[in-house]
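A.B. asks: File run_31.cif below, mmCIF, N, CA, C and O atoms:
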data_model
#
loop_
_atom_site.label_atom_id
_atom_site.label_comp_id
_atom_site.auth_asym_id
_atom_site.auth_seq_id
_atom_site.Cartn_x
_atom_site.Cartn_y
_atom_site.Cartn_z
N LEU A 20 -19.02 1.67 -4.46
CA LEU A 20 -18.69 0.89 -3.28
C LEU A 20 -19.14 1.62 -2.02
O LEU A 20 -19.13 2.85 -1.97
N SER A 21 -19.47 0.87 -1.02
CA SER A 21 -19.86 1.48 0.25
C SER A 21 -18.59 1.81 1.04
O SER A 21 -17.52 1.26 0.79
N MET A 22 -18.73 2.67 2.01
CA MET A 22 -17.60 3.00 2.86
C MET A 22 -17.17 1.78 3.67
O MET A 22 -15.99 1.60 3.97
N ALA A 23 -18.11 0.91 4.00
CA ALA A 23 -17.77 -0.33 4.71
C ALA A 23 -16.88 -1.21 3.83
O ALA A 23 -15.93 -1.84 4.33
N GLN A 24 -17.17 -1.26 2.54
CA GLN A 24 -16.34 -2.05 1.63
C GLN A 24 -14.94 -1.44 1.51
O GLN A 24 -13.95 -2.17 1.49
N VAL A 25 -14.86 -0.11 1.45
CA VAL A 25 -13.55 0.54 1.36
C VAL A 25 -12.75 0.27 2.63
O VAL A 25 -11.55 -0.03 2.57
N ARG A 26 -13.39 0.33 3.79
CA ARG A 26 -12.71 0.02 5.05
C ARG A 26 -12.25 -1.45 5.07
O ARG A 26 -11.15 -1.74 5.54
N MET A 27 -13.10 -2.34 4.58
CA MET A 27 -12.74 -3.76 4.53
C MET A 27 -11.53 -3.95 3.61
O MET A 27 -10.61 -4.70 3.94
N LEU A 28 -11.50 -3.26 2.47
CA LEU A 28 -10.36 -3.35 1.56
C LEU A 28 -9.10 -2.79 2.22
O LEU A 28 -8.01 -3.36 2.06
N HIS A 29 -9.25 -1.70 2.94
CA HIS A 29 -8.11 -1.12 3.66
C HIS A 29 -7.53 -2.14 4.63
O HIS A 29 -6.32 -2.36 4.68
N ASP A 30 -8.39 -2.77 5.42
CA ASP A 30 -7.94 -3.79 6.37
C ASP A 30 -7.29 -4.96 5.67
O ASP A 30 -6.28 -5.50 6.13
N TYR A 31 -7.86 -5.35 4.53
CA TYR A 31 -7.31 -6.47 3.76
C TYR A 31 -5.90 -6.15 3.29
O TYR A 31 -4.97 -6.95 3.44
N VAL A 32 -5.71 -4.96 2.72
CA VAL A 32 -4.39 -4.56 2.22
C VAL A 32 -3.42 -4.38 3.38
O VAL A 32 -2.27 -4.80 3.32
N GLU A 33 -3.88 -3.77 4.46
CA GLU A 33 -3.03 -3.50 5.63
C GLU A 33 -2.50 -4.79 6.25
O GLU A 33 -1.35 -4.85 6.68
N ASN A 34 -3.33 -5.81 6.31
CA ASN A 34 -2.96 -7.04 7.00
C ASN A 34 -2.42 -8.13 6.09
O ASN A 34 -2.06 -9.20 6.57
N ARG A 35 -2.35 -7.85 4.81
CA ARG A 35 -1.88 -8.85 3.85
C ARG A 35 -0.37 -8.76 3.72
O ARG A 35 0.16 -7.74 3.31
N PRO A 36 0.33 -9.84 4.08
CA PRO A 36 1.79 -9.81 3.93
C PRO A 36 2.18 -10.01 2.47
O PRO A 36 1.43 -10.56 1.67
N GLY A 37 3.36 -9.55 2.13
CA GLY A 37 3.89 -9.77 0.80
C GLY A 37 3.39 -8.79 -0.24
O GLY A 37 3.01 -7.68 0.08
N ALA A 38 3.42 -9.25 -1.47
CA ALA A 38 3.11 -8.41 -2.62
C ALA A 38 1.71 -7.80 -2.53
O ALA A 38 0.82 -8.34 -1.88
N ALA A 39 1.55 -6.69 -3.23
CA ALA A 39 0.26 -6.01 -3.27
C ALA A 39 -0.78 -6.94 -3.87
O ALA A 39 -0.49 -7.72 -4.79
N PRO A 40 -2.01 -6.89 -3.38
CA PRO A 40 -3.06 -7.74 -3.94
C PRO A 40 -3.41 -7.31 -5.36
O PRO A 40 -3.25 -6.14 -5.73
N THR A 41 -3.89 -8.25 -6.13
CA THR A 41 -4.31 -7.95 -7.49
C THR A 41 -5.71 -7.35 -7.48
O THR A 41 -6.43 -7.45 -6.48
N ILE A 42 -6.06 -6.73 -8.57
CA ILE A 42 -7.41 -6.18 -8.71
C ILE A 42 -8.44 -7.30 -8.58
O ILE A 42 -9.47 -7.13 -7.92
N SER A 43 -8.15 -8.45 -9.14
CA SER A 43 -9.08 -9.59 -9.03
C SER A 43 -9.29 -10.00 -7.58
O SER A 43 -10.41 -10.31 -7.18
N GLU A 44 -8.22 -10.02 -6.80
CA GLU A 44 -8.35 -10.38 -5.38
C GLU A 44 -9.23 -9.37 -4.64
O GLU A 44 -10.09 -9.76 -3.85
N LEU A 45 -8.99 -8.10 -4.89
CA LEU A 45 -9.78 -7.07 -4.22
C LEU A 45 -11.24 -7.11 -4.66
O LEU A 45 -12.14 -6.96 -3.83
N ALA A 46 -11.47 -7.31 -5.95
CA ALA A 46 -12.84 -7.42 -6.45
C ALA A 46 -13.55 -8.60 -5.81
O ALA A 46 -14.72 -8.51 -5.42
N ARG A 47 -12.83 -9.71 -5.68
CA ARG A 47 -13.40 -10.92 -5.06
C ARG A 47 -13.80 -10.63 -3.61
O ARG A 47 -14.81 -11.11 -3.13
N GLN A 48 -13.00 -9.82 -2.89
CA GLN A 48 -13.33 -9.45 -1.52
C GLN A 48 -14.67 -8.73 -1.44
O GLN A 48 -15.39 -8.84 -0.46
N CYS A 49 -14.99 -7.99 -2.51
CA CYS A 49 -16.26 -7.24 -2.56
C CYS A 49 -17.38 -8.03 -3.24
O CYS A 49 -18.52 -7.56 -3.28
N GLY A 50 -17.04 -9.18 -3.78
CA GLY A 50 -18.05 -10.02 -4.42
C GLY A 50 -18.52 -9.51 -5.77
O GLY A 50 -19.67 -9.75 -6.16
N ILE A 51 -17.64 -8.79 -6.48
CA ILE A 51 -18.01 -8.29 -7.81
C ILE A 51 -16.88 -8.57 -8.80
O ILE A 51 -15.75 -8.87 -8.39
N GLY A 52 -17.19 -8.45 -10.07
CA GLY A 52 -16.19 -8.69 -11.11
C GLY A 52 -15.16 -7.58 -11.17
O GLY A 52 -15.43 -6.44 -10.78
N PRO A 53 -13.97 -7.90 -11.69
CA PRO A 53 -12.88 -6.93 -11.72
C PRO A 53 -13.19 -5.63 -12.48
O PRO A 53 -12.86 -4.55 -12.00
N ARG A 54 -13.81 -5.72 -13.62
CA ARG A 54 -14.08 -4.50 -14.40
C ARG A 54 -15.08 -3.60 -13.69
O ARG A 54 -14.88 -2.39 -13.61
N HIS A 55 -16.12 -4.19 -13.18
CA HIS A 55 -17.13 -3.41 -12.45
C HIS A 55 -16.51 -2.83 -11.18
O HIS A 55 -16.75 -1.67 -10.82
N PHE A 56 -15.68 -3.62 -10.51
CA PHE A 56 -14.99 -3.18 -9.31
C PHE A 56 -14.13 -1.94 -9.59
O PHE A 56 -14.17 -0.97 -8.84
N MET A 57 -13.34 -2.00 -10.67
CA MET A 57 -12.46 -0.86 -11.00
C MET A 57 -13.27 0.41 -11.21
O MET A 57 -12.88 1.48 -10.74
N ALA A 58 -14.39 0.31 -11.92
CA ALA A 58 -15.22 1.48 -12.18
C ALA A 58 -15.83 2.02 -10.88
O ALA A 58 -15.80 3.22 -10.62
N LEU A 59 -16.36 1.13 -10.06
CA LEU A 59 -16.94 1.55 -8.78
C LEU A 59 -15.89 2.13 -7.85
O LEU A 59 -16.13 3.13 -7.17
N PHE A 60 -14.72 1.52 -7.85
CA PHE A 60 -13.65 1.98 -6.97
C PHE A 60 -13.25 3.41 -7.33
O PHE A 60 -13.13 4.27 -6.46
N ARG A 61 -13.07 3.66 -8.60
CA ARG A 61 -12.66 5.00 -9.04
C ARG A 61 -13.76 6.02 -8.74
O ARG A 61 -13.47 7.14 -8.32
N ALA A 62 -15.01 5.63 -8.96
CA ALA A 62 -16.11 6.55 -8.68
C ALA A 62 -16.20 6.86 -7.18
O ALA A 62 -16.53 7.97 -6.79
N THR A 63 -15.88 5.89 -6.34
CA THR A 63 -15.96 6.06 -4.89
C THR A 63 -14.78 6.85 -4.33
O THR A 63 -14.96 7.73 -3.50
N THR A 64 -13.57 6.51 -4.78
CA THR A 64 -12.36 7.08 -4.17
C THR A 64 -11.71 8.20 -4.98
O THR A 64 -10.89 8.94 -4.44
N GLY A 65 -12.01 8.26 -6.27
CA GLY A 65 -11.35 9.23 -7.14
C GLY A 65 -9.95 8.79 -7.54
O GLY A 65 -9.21 9.56 -8.15
N GLN A 66 -9.58 7.57 -7.20
CA GLN A 66 -8.26 7.03 -7.53
C GLN A 66 -8.42 5.71 -8.25
O GLN A 66 -9.44 5.03 -8.09
N THR A 67 -7.38 5.33 -8.99
CA THR A 67 -7.37 3.98 -9.52
C THR A 67 -7.06 3.02 -8.37
O THR A 67 -6.54 3.44 -7.33
N VAL A 68 -7.37 1.77 -8.58
CA VAL A 68 -7.09 0.76 -7.55
C VAL A 68 -5.60 0.75 -7.25
O VAL A 68 -5.18 0.75 -6.09
N ARG A 69 -4.76 0.77 -8.28
CA ARG A 69 -3.31 0.69 -8.11
C ARG A 69 -2.79 1.90 -7.33
O ARG A 69 -1.96 1.76 -6.44
N GLN A 70 -3.27 3.10 -7.65
CA GLN A 70 -2.84 4.30 -6.91
C GLN A 70 -3.18 4.16 -5.42
O GLN A 70 -2.37 4.47 -4.56
N TRP A 71 -4.39 3.69 -5.16
CA TRP A 71 -4.84 3.55 -3.78
C TRP A 71 -4.03 2.50 -3.03
O TRP A 71 -3.59 2.73 -1.89
N VAL A 72 -3.81 1.35 -3.66
CA VAL A 72 -3.05 0.27 -3.02
C VAL A 72 -1.62 0.75 -2.75
O VAL A 72 -1.08 0.53 -1.66
N ASP A 73 -1.00 1.41 -3.73
CA ASP A 73 0.35 1.92 -3.52
C ASP A 73 0.39 2.90 -2.36
O ASP A 73 1.30 2.85 -1.52
N ALA A 74 -0.59 3.78 -2.27
CA ALA A 74 -0.65 4.75 -1.17
C ALA A 74 -0.80 4.03 0.17
O ALA A 74 -0.19 4.44 1.18
N GLN A 75 -1.60 2.97 0.22
CA GLN A 75 -1.78 2.21 1.46
C GLN A 75 -0.47 1.56 1.89
O GLN A 75 -0.12 1.57 3.08
N ARG A 76 0.25 0.98 0.93
CA ARG A 76 1.52 0.32 1.24
C ARG A 76 2.57 1.32 1.73
O ARG A 76 3.31 1.04 2.67
N ILE A 77 2.61 2.50 1.11
CA ILE A 77 3.57 3.51 1.53
C ILE A 77 3.19 4.07 2.90
O ILE A 77 4.06 4.35 3.73
N ALA A 78 1.90 4.20 3.18
CA ALA A 78 1.46 4.64 4.51
C ALA A 78 1.92 3.64 5.57
O ALA A 78 2.37 4.03 6.65
N LYS A 79 1.82 2.36 5.26
CA LYS A 79 2.28 1.34 6.20
C LYS A 79 3.80 1.44 6.36
O LYS A 79 4.32 1.34 7.49
N ALA A 80 4.50 1.67 5.28
CA ALA A 80 5.96 1.84 5.35
C ALA A 80 6.32 3.03 6.23
O ALA A 80 7.24 2.96 7.05
N ARG A 81 5.59 4.13 6.08
CA ARG A 81 5.84 5.32 6.91
C ARG A 81 5.71 4.97 8.39
O ARG A 81 6.53 5.38 9.21
N ARG A 82 4.65 4.24 8.73
CA ARG A 82 4.45 3.86 10.13
C ARG A 82 5.61 2.98 10.62
O ARG A 82 6.13 3.19 11.72
N LEU A 83 6.00 2.01 9.81
CA LEU A 83 7.09 1.12 10.20
C LEU A 83 8.41 1.89 10.35
O LEU A 83 9.20 1.60 11.25
N LEU A 84 8.62 2.86 9.49
CA LEU A 84 9.86 3.64 9.55
C LEU A 84 9.92 4.53 10.79
O LEU A 84 11.00 4.74 11.35
N THR A 85 8.79 5.04 11.23
CA THR A 85 8.79 5.94 12.38
C THR A 85 8.60 5.20 13.72
O THR A 85 9.08 5.68 14.74
N GLU A 86 7.93 4.07 13.69
CA GLU A 86 7.59 3.39 14.94
C GLU A 86 8.50 2.22 15.28
O GLU A 86 8.41 1.68 16.38
N THR A 87 9.35 1.81 14.33
CA THR A 87 10.21 0.65 14.56
C THR A 87 11.63 0.95 14.08
O THR A 87 11.87 1.97 13.44
N ARG A 88 12.51 0.05 14.38
CA ARG A 88 13.88 0.11 13.85
C ARG A 88 14.11 -1.05 12.88
O ARG A 88 15.24 -1.46 12.65
N ILE A 89 13.04 -1.58 12.33
CA ILE A 89 13.15 -2.68 11.37
C ILE A 89 14.00 -2.21 10.19
O ILE A 89 13.77 -1.11 9.66
N PRO A 90 14.98 -3.01 9.77
CA PRO A 90 15.82 -2.62 8.63
C PRO A 90 14.99 -2.39 7.36
O PRO A 90 13.97 -3.04 7.14
N LEU A 91 15.47 -1.47 6.53
CA LEU A 91 14.75 -1.15 5.29
C LEU A 91 14.52 -2.36 4.41
O LEU A 91 13.45 -2.53 3.83
N LYS A 92 15.52 -3.24 4.33
CA LYS A 92 15.36 -4.41 3.46
C LYS A 92 14.26 -5.34 3.98
O LYS A 92 13.55 -5.97 3.20
N VAL A 93 14.07 -5.39 5.29
CA VAL A 93 13.01 -6.22 5.87
C VAL A 93 11.65 -5.58 5.59
O VAL A 93 10.68 -6.27 5.23
N ILE A 94 11.55 -4.27 5.74
CA ILE A 94 10.31 -3.57 5.42
C ILE A 94 9.96 -3.79 3.96
O ILE A 94 8.82 -4.11 3.62
N ALA A 95 10.94 -3.64 3.08
CA ALA A 95 10.72 -3.85 1.64
C ALA A 95 10.19 -5.25 1.38
O ALA A 95 9.20 -5.42 0.65
N PHE A 96 10.81 -6.25 1.98
CA PHE A 96 10.38 -7.63 1.80
C PHE A 96 8.97 -7.84 2.35
O PHE A 96 8.12 -8.43 1.68
N ASP A 97 8.72 -7.34 3.56
CA ASP A 97 7.41 -7.53 4.19
C ASP A 97 6.28 -6.88 3.39
O ASP A 97 5.15 -7.35 3.42
N LEU A 98 6.59 -5.78 2.71
CA LEU A 98 5.57 -5.10 1.91
C LEU A 98 5.48 -5.65 0.49
O LEU A 98 4.68 -5.18 -0.31
N GLY A 99 6.31 -6.64 0.17
CA GLY A 99 6.20 -7.32 -1.11
C GLY A 99 6.97 -6.69 -2.25
O GLY A 99 6.73 -7.02 -3.41
N PHE A 100 7.90 -5.80 -1.94
CA PHE A 100 8.72 -5.22 -3.00
C PHE A 100 9.82 -6.21 -3.37
O PHE A 100 10.27 -7.00 -2.54
N ALA A 101 10.25 -6.17 -4.63
CA ALA A 101 11.25 -7.12 -5.12
C ALA A 101 12.56 -7.02 -4.34
O ALA A 101 13.23 -8.02 -4.09
N ASN A 102 12.94 -5.80 -3.96
CA ASN A 102 14.15 -5.59 -3.18
C ASN A 102 14.11 -4.18 -2.57
O ASN A 102 13.18 -3.41 -2.82
N GLN A 103 15.13 -3.86 -1.80
CA GLN A 103 15.17 -2.57 -1.11
C GLN A 103 15.22 -1.41 -2.10
O GLN A 103 14.62 -0.36 -1.86
N SER A 104 15.89 -1.59 -3.21
CA SER A 104 16.00 -0.52 -4.20
C SER A 104 14.64 -0.18 -4.81
O SER A 104 14.29 1.00 -4.95
N VAL A 105 13.88 -1.20 -5.15
CA VAL A 105 12.54 -0.98 -5.72
C VAL A 105 11.66 -0.29 -4.68
O VAL A 105 10.91 0.65 -5.00
N PHE A 106 11.75 -0.74 -3.44
CA PHE A 106 10.99 -0.10 -2.36
C PHE A 106 11.38 1.36 -2.22
O PHE A 106 10.52 2.25 -2.13
N SER A 107 12.67 1.63 -2.17
CA SER A 107 13.15 3.00 -1.99
C SER A 107 12.68 3.91 -3.11
O SER A 107 12.27 5.05 -2.87
N THR A 108 12.72 3.42 -4.34
CA THR A 108 12.27 4.20 -5.48
C THR A 108 10.78 4.52 -5.37
O THR A 108 10.35 5.66 -5.57
N ALA A 109 9.98 3.51 -5.04
CA ALA A 109 8.53 3.72 -4.90
C ALA A 109 8.23 4.66 -3.74
O ALA A 109 7.38 5.55 -3.86
N PHE A 110 8.93 4.49 -2.64
CA PHE A 110 8.70 5.34 -1.47
C PHE A 110 9.03 6.79 -1.81
O PHE A 110 8.25 7.70 -1.52
N LYS A 111 10.17 7.01 -2.44
CA LYS A 111 10.58 8.37 -2.78
C LYS A 111 9.61 9.02 -3.76
O LYS A 111 9.28 10.20 -3.65
N ARG A 112 9.10 8.23 -4.70
CA ARG A 112 8.14 8.75 -5.68
C ARG A 112 6.87 9.24 -5.00
O ARG A 112 6.32 10.28 -5.33
N LEU A 113 6.41 8.50 -3.99
CA LEU A 113 5.16 8.86 -3.32
C LEU A 113 5.33 9.76 -2.10
O LEU A 113 4.45 10.55 -1.78
N ALA A 114 6.46 9.65 -1.41
CA ALA A 114 6.66 10.41 -0.17
C ALA A 114 7.55 11.65 -0.37
O ALA A 114 7.57 12.52 0.48
N GLY A 115 8.28 11.69 -1.46
CA GLY A 115 9.12 12.85 -1.74
C GLY A 115 10.52 12.79 -1.16
O GLY A 115 11.35 13.63 -1.47
N VAL A 116 10.77 11.82 -0.30
CA VAL A 116 12.10 11.60 0.28
C VAL A 116 12.36 10.11 0.33
O VAL A 116 11.43 9.30 0.28
N SER A 117 13.62 9.75 0.47
CA SER A 117 13.96 8.33 0.58
C SER A 117 13.50 7.79 1.93
O SER A 117 13.31 8.56 2.88
N PRO A 118 13.34 6.48 2.04
CA PRO A 118 12.96 5.90 3.34
C PRO A 118 13.96 6.24 4.44
O PRO A 118 13.57 6.53 5.57
N ARG A 119 15.24 6.23 4.12
CA ARG A 119 16.26 6.54 5.11
C ARG A 119 16.13 7.99 5.59
O ARG A 119 16.18 8.26 6.78
N GLN A 120 15.92 8.92 4.65
CA GLN A 120 15.72 10.32 5.03
C GLN A 120 14.46 10.48 5.88
O GLN A 120 14.45 11.21 6.86
N TYR A 121 13.41 9.78 5.48
CA TYR A 121 12.15 9.85 6.23
C TYR A 121 12.37 9.39 7.67
O TYR A 121 11.93 10.06 8.61
N ARG A 122 13.04 8.27 7.84
CA ARG A 122 13.30 7.74 9.19
C ARG A 122 14.21 8.68 9.97
O ARG A 122 13.95 8.97 11.14
N ASN A 123 15.27 9.16 9.35
CA ASN A 123 16.24 10.01 10.04
C ASN A 123 15.65 11.36 10.44
O ASN A 123 16.07 11.94 11.45
N ASN A 124 14.70 11.86 9.67
CA ASN A 124 14.08 13.15 9.99
C ASN A 124 12.99 13.01 11.03
O ASN A 124 12.41 14.00 11.44
N GLY A 125 12.69 11.76 11.41
CA GLY A 125 11.70 11.53 12.44
C GLY A 125 10.29 11.92 12.03
O GLY A 125 9.48 12.33 12.85
N ASN A 126 10.01 11.82 10.73
CA ASN A 126 8.68 12.18 10.24
C ASN A 126 7.71 11.29 10.87
O ASN A 126 6.88 10.78 10.90
#
Take the structure in the file and give it back as C-alpha coordinates.
C.D. replies:
Amino acid sequence: LSMAQVRMLHDYVENRPGAAPTISELARQCGIGPRHFMALFRATTGQTVRQWVDAQRIAKARRLLTETRIPLKVIAFDLGFANQSVFSTAFKRLAGVSPRQYRNNGN
(Lines of atoms letter the chains of each structure in order from A and count residues from 1; the text may use other names and numbers.)
(Lines give C-alpha, C1' and ligand atoms only; values in the text may rest on other atoms or scores of the structure.)
Protein backbone atom coordinates (compact mmCIF):
# COMPACT_ATOMS: atom_id res chain seq x y z
CA LEU A 1 0.00 0.00 0.00
CA SER A 2 1.11 3.55 -0.58
CA MET A 3 1.45 6.01 2.27
CA ALA A 4 -1.41 7.98 0.69
CA GLN A 5 -3.63 4.90 1.00
CA VAL A 6 -2.62 4.42 4.64
CA ARG A 7 -3.42 8.09 5.35
CA MET A 8 -6.77 7.71 3.57
CA LEU A 9 -7.53 4.63 5.71
CA HIS A 10 -6.56 6.54 8.84
CA ASP A 11 -8.98 9.34 7.91
CA TYR A 12 -11.69 6.80 7.10
CA VAL A 13 -11.34 5.07 10.48
CA GLU A 14 -10.99 8.38 12.36
CA ASN A 15 -14.15 9.87 10.87
CA ARG A 16 -16.29 6.74 10.83
CA PRO A 17 -18.83 6.70 13.65
CA GLY A 18 -19.80 3.48 15.36
CA ALA A 19 -18.26 0.05 15.11
CA ALA A 20 -14.83 -0.56 13.65
CA PRO A 21 -14.85 -1.02 9.87
CA THR A 22 -14.51 -4.51 8.47
CA ILE A 23 -11.53 -5.66 6.47
CA SER A 24 -13.78 -5.79 3.41
CA GLU A 25 -14.78 -2.14 3.89
CA LEU A 26 -11.17 -1.04 4.21
CA ALA A 27 -10.10 -3.13 1.21
CA ARG A 28 -12.93 -1.59 -0.82
CA GLN A 29 -11.62 1.89 0.10
CA CYS A 30 -8.33 0.89 -1.53
CA GLY A 31 -9.99 -0.78 -4.50
CA ILE A 32 -8.52 -4.23 -3.85
CA GLY A 33 -9.74 -7.59 -2.60
CA PRO A 34 -9.71 -8.40 1.12
CA ARG A 35 -7.03 -11.12 1.01
CA HIS A 36 -4.64 -9.07 -1.08
CA PHE A 37 -5.38 -6.03 1.09
CA MET A 38 -4.51 -7.92 4.30
CA ALA A 39 -1.17 -9.05 2.87
CA LEU A 40 -0.28 -5.59 1.55
CA PHE A 41 -1.38 -3.94 4.77
CA ARG A 42 0.81 -6.15 6.92
CA ALA A 43 3.78 -5.70 4.59
CA THR A 44 3.32 -1.91 4.70
CA THR A 45 2.59 -1.38 8.40
CA GLY A 46 3.99 -4.46 10.13
CA GLN A 47 0.62 -4.90 11.84
CA THR A 48 -2.53 -6.83 11.12
CA VAL A 49 -5.49 -4.75 10.00
CA ARG A 50 -7.29 -5.47 13.29
CA GLN A 51 -4.29 -4.42 15.42
CA TRP A 52 -4.00 -1.18 13.48
CA VAL A 53 -7.73 -0.39 13.61
CA ASP A 54 -7.83 -1.09 17.35
CA ALA A 55 -4.84 1.20 17.89
CA GLN A 56 -6.54 3.97 15.86
CA ARG A 57 -9.74 3.67 17.91
CA ILE A 58 -7.85 3.76 21.21
CA ALA A 59 -5.84 6.78 20.01
CA LYS A 60 -9.12 8.56 19.32
CA ALA A 61 -10.38 7.53 22.76
CA ARG A 62 -7.22 8.97 24.34
CA ARG A 63 -7.84 12.30 22.61
CA LEU A 64 -11.48 12.35 23.70
CA LEU A 65 -10.52 11.50 27.28
CA THR A 66 -7.96 14.29 27.54
CA GLU A 67 -9.64 16.98 25.44
CA THR A 68 -13.28 16.59 26.49
CA ARG A 69 -15.46 15.75 29.46
CA ILE A 70 -17.63 13.39 27.39
CA PRO A 71 -18.83 10.55 29.65
CA LEU A 72 -17.07 7.20 29.19
CA LYS A 73 -20.27 5.46 28.13
CA VAL A 74 -20.78 8.03 25.35
CA ILE A 75 -17.18 7.61 24.15
CA ALA A 76 -17.66 3.83 24.19
CA PHE A 77 -20.86 4.13 22.15
CA ASP A 78 -19.38 6.64 19.70
CA LEU A 79 -16.41 4.36 19.06
CA GLY A 80 -18.70 1.40 18.44
CA PHE A 81 -18.02 -0.68 21.53
CA ALA A 82 -20.89 -2.83 22.79
CA ASN A 83 -20.84 -1.07 26.17
CA GLN A 84 -18.60 0.84 28.56
CA SER A 85 -17.20 -2.35 30.08
CA VAL A 86 -16.04 -3.70 26.72
CA PHE A 87 -14.50 -0.31 25.92
CA SER A 88 -12.74 -0.14 29.29
CA THR A 89 -11.30 -3.63 28.86
CA ALA A 90 -10.01 -2.88 25.35
CA PHE A 91 -8.61 0.48 26.44
CA LYS A 92 -6.79 -1.01 29.42
CA ARG A 93 -5.37 -3.82 27.28
CA LEU A 94 -3.88 -1.34 24.80
CA ALA A 95 -3.15 1.69 27.02
CA GLY A 96 -2.13 -0.07 30.24
CA VAL A 97 -4.59 1.86 32.42
CA SER A 98 -8.35 2.20 32.58
CA PRO A 99 -10.01 5.08 30.73
CA ARG A 100 -10.94 6.69 34.05
CA GLN A 101 -7.34 6.50 35.30
CA TYR A 102 -6.10 7.86 31.98
CA ARG A 103 -8.47 10.84 32.19
CA ASN A 104 -7.79 11.49 35.88
CA ASN A 105 -4.02 11.42 35.40
CA GLY A 106 -4.33 14.03 32.68
CA ASN A 107 -2.39 11.94 30.18
A.B. asks: From the options A:Ala23, A:Val72, A:Ala114, A:Ala109, which residue's atoms come nearest to A:Pro40, counting only C-alpha atoms?
C.D. replies: A:Val72
A.B. asks: Which is closer to A:Thr85 than all the others in A:Lys111, A:Gly99, A:Asn123, A:Ile42, using only N, CA, C and O atoms?
C.D. replies: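 Going through A:Lys111, A:Gly99, A:Asn123, A:Ile42 one by one, the smallest distance to A:Thr85 is for A:Asn123.
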A.B. asks: Could you work out an axis-aligned box for stretch 40-51 of chain A, taking every atom the file lists and adding 4 Å on each side, and report centre and edge lengths in Å to one decimal, as lines of an AutoDock Vina configuration file?
C.D. replies:
center_x = -10.8
center_y = -8.6
center_z = -4.8
size_x = 25.7
size_y = 13.0
size_z = 16.7
A.B. asks: With only C-alpha atoms as the basis for distance, which of A:Gln24, A:Ser104, A:Asn124, A:Asn34 is at the shortest distance from A:Lys79?
C.D. replies: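 Checking each of A:Gln24, A:Ser104, A:Asn124, A:Asn34 against A:Lys79, counting only C-alpha atoms, the winner is A:Asn34.
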A.B. asks: Just checking: using all atoms listed in the file, which residue out of A:Leu98, A:Arg119, A:Leu83, A:Pro53 ends up closest to A:Val32?
C.D. replies: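 Using all atoms listed in the file, A:Val32 sits closest to A:Leu98.
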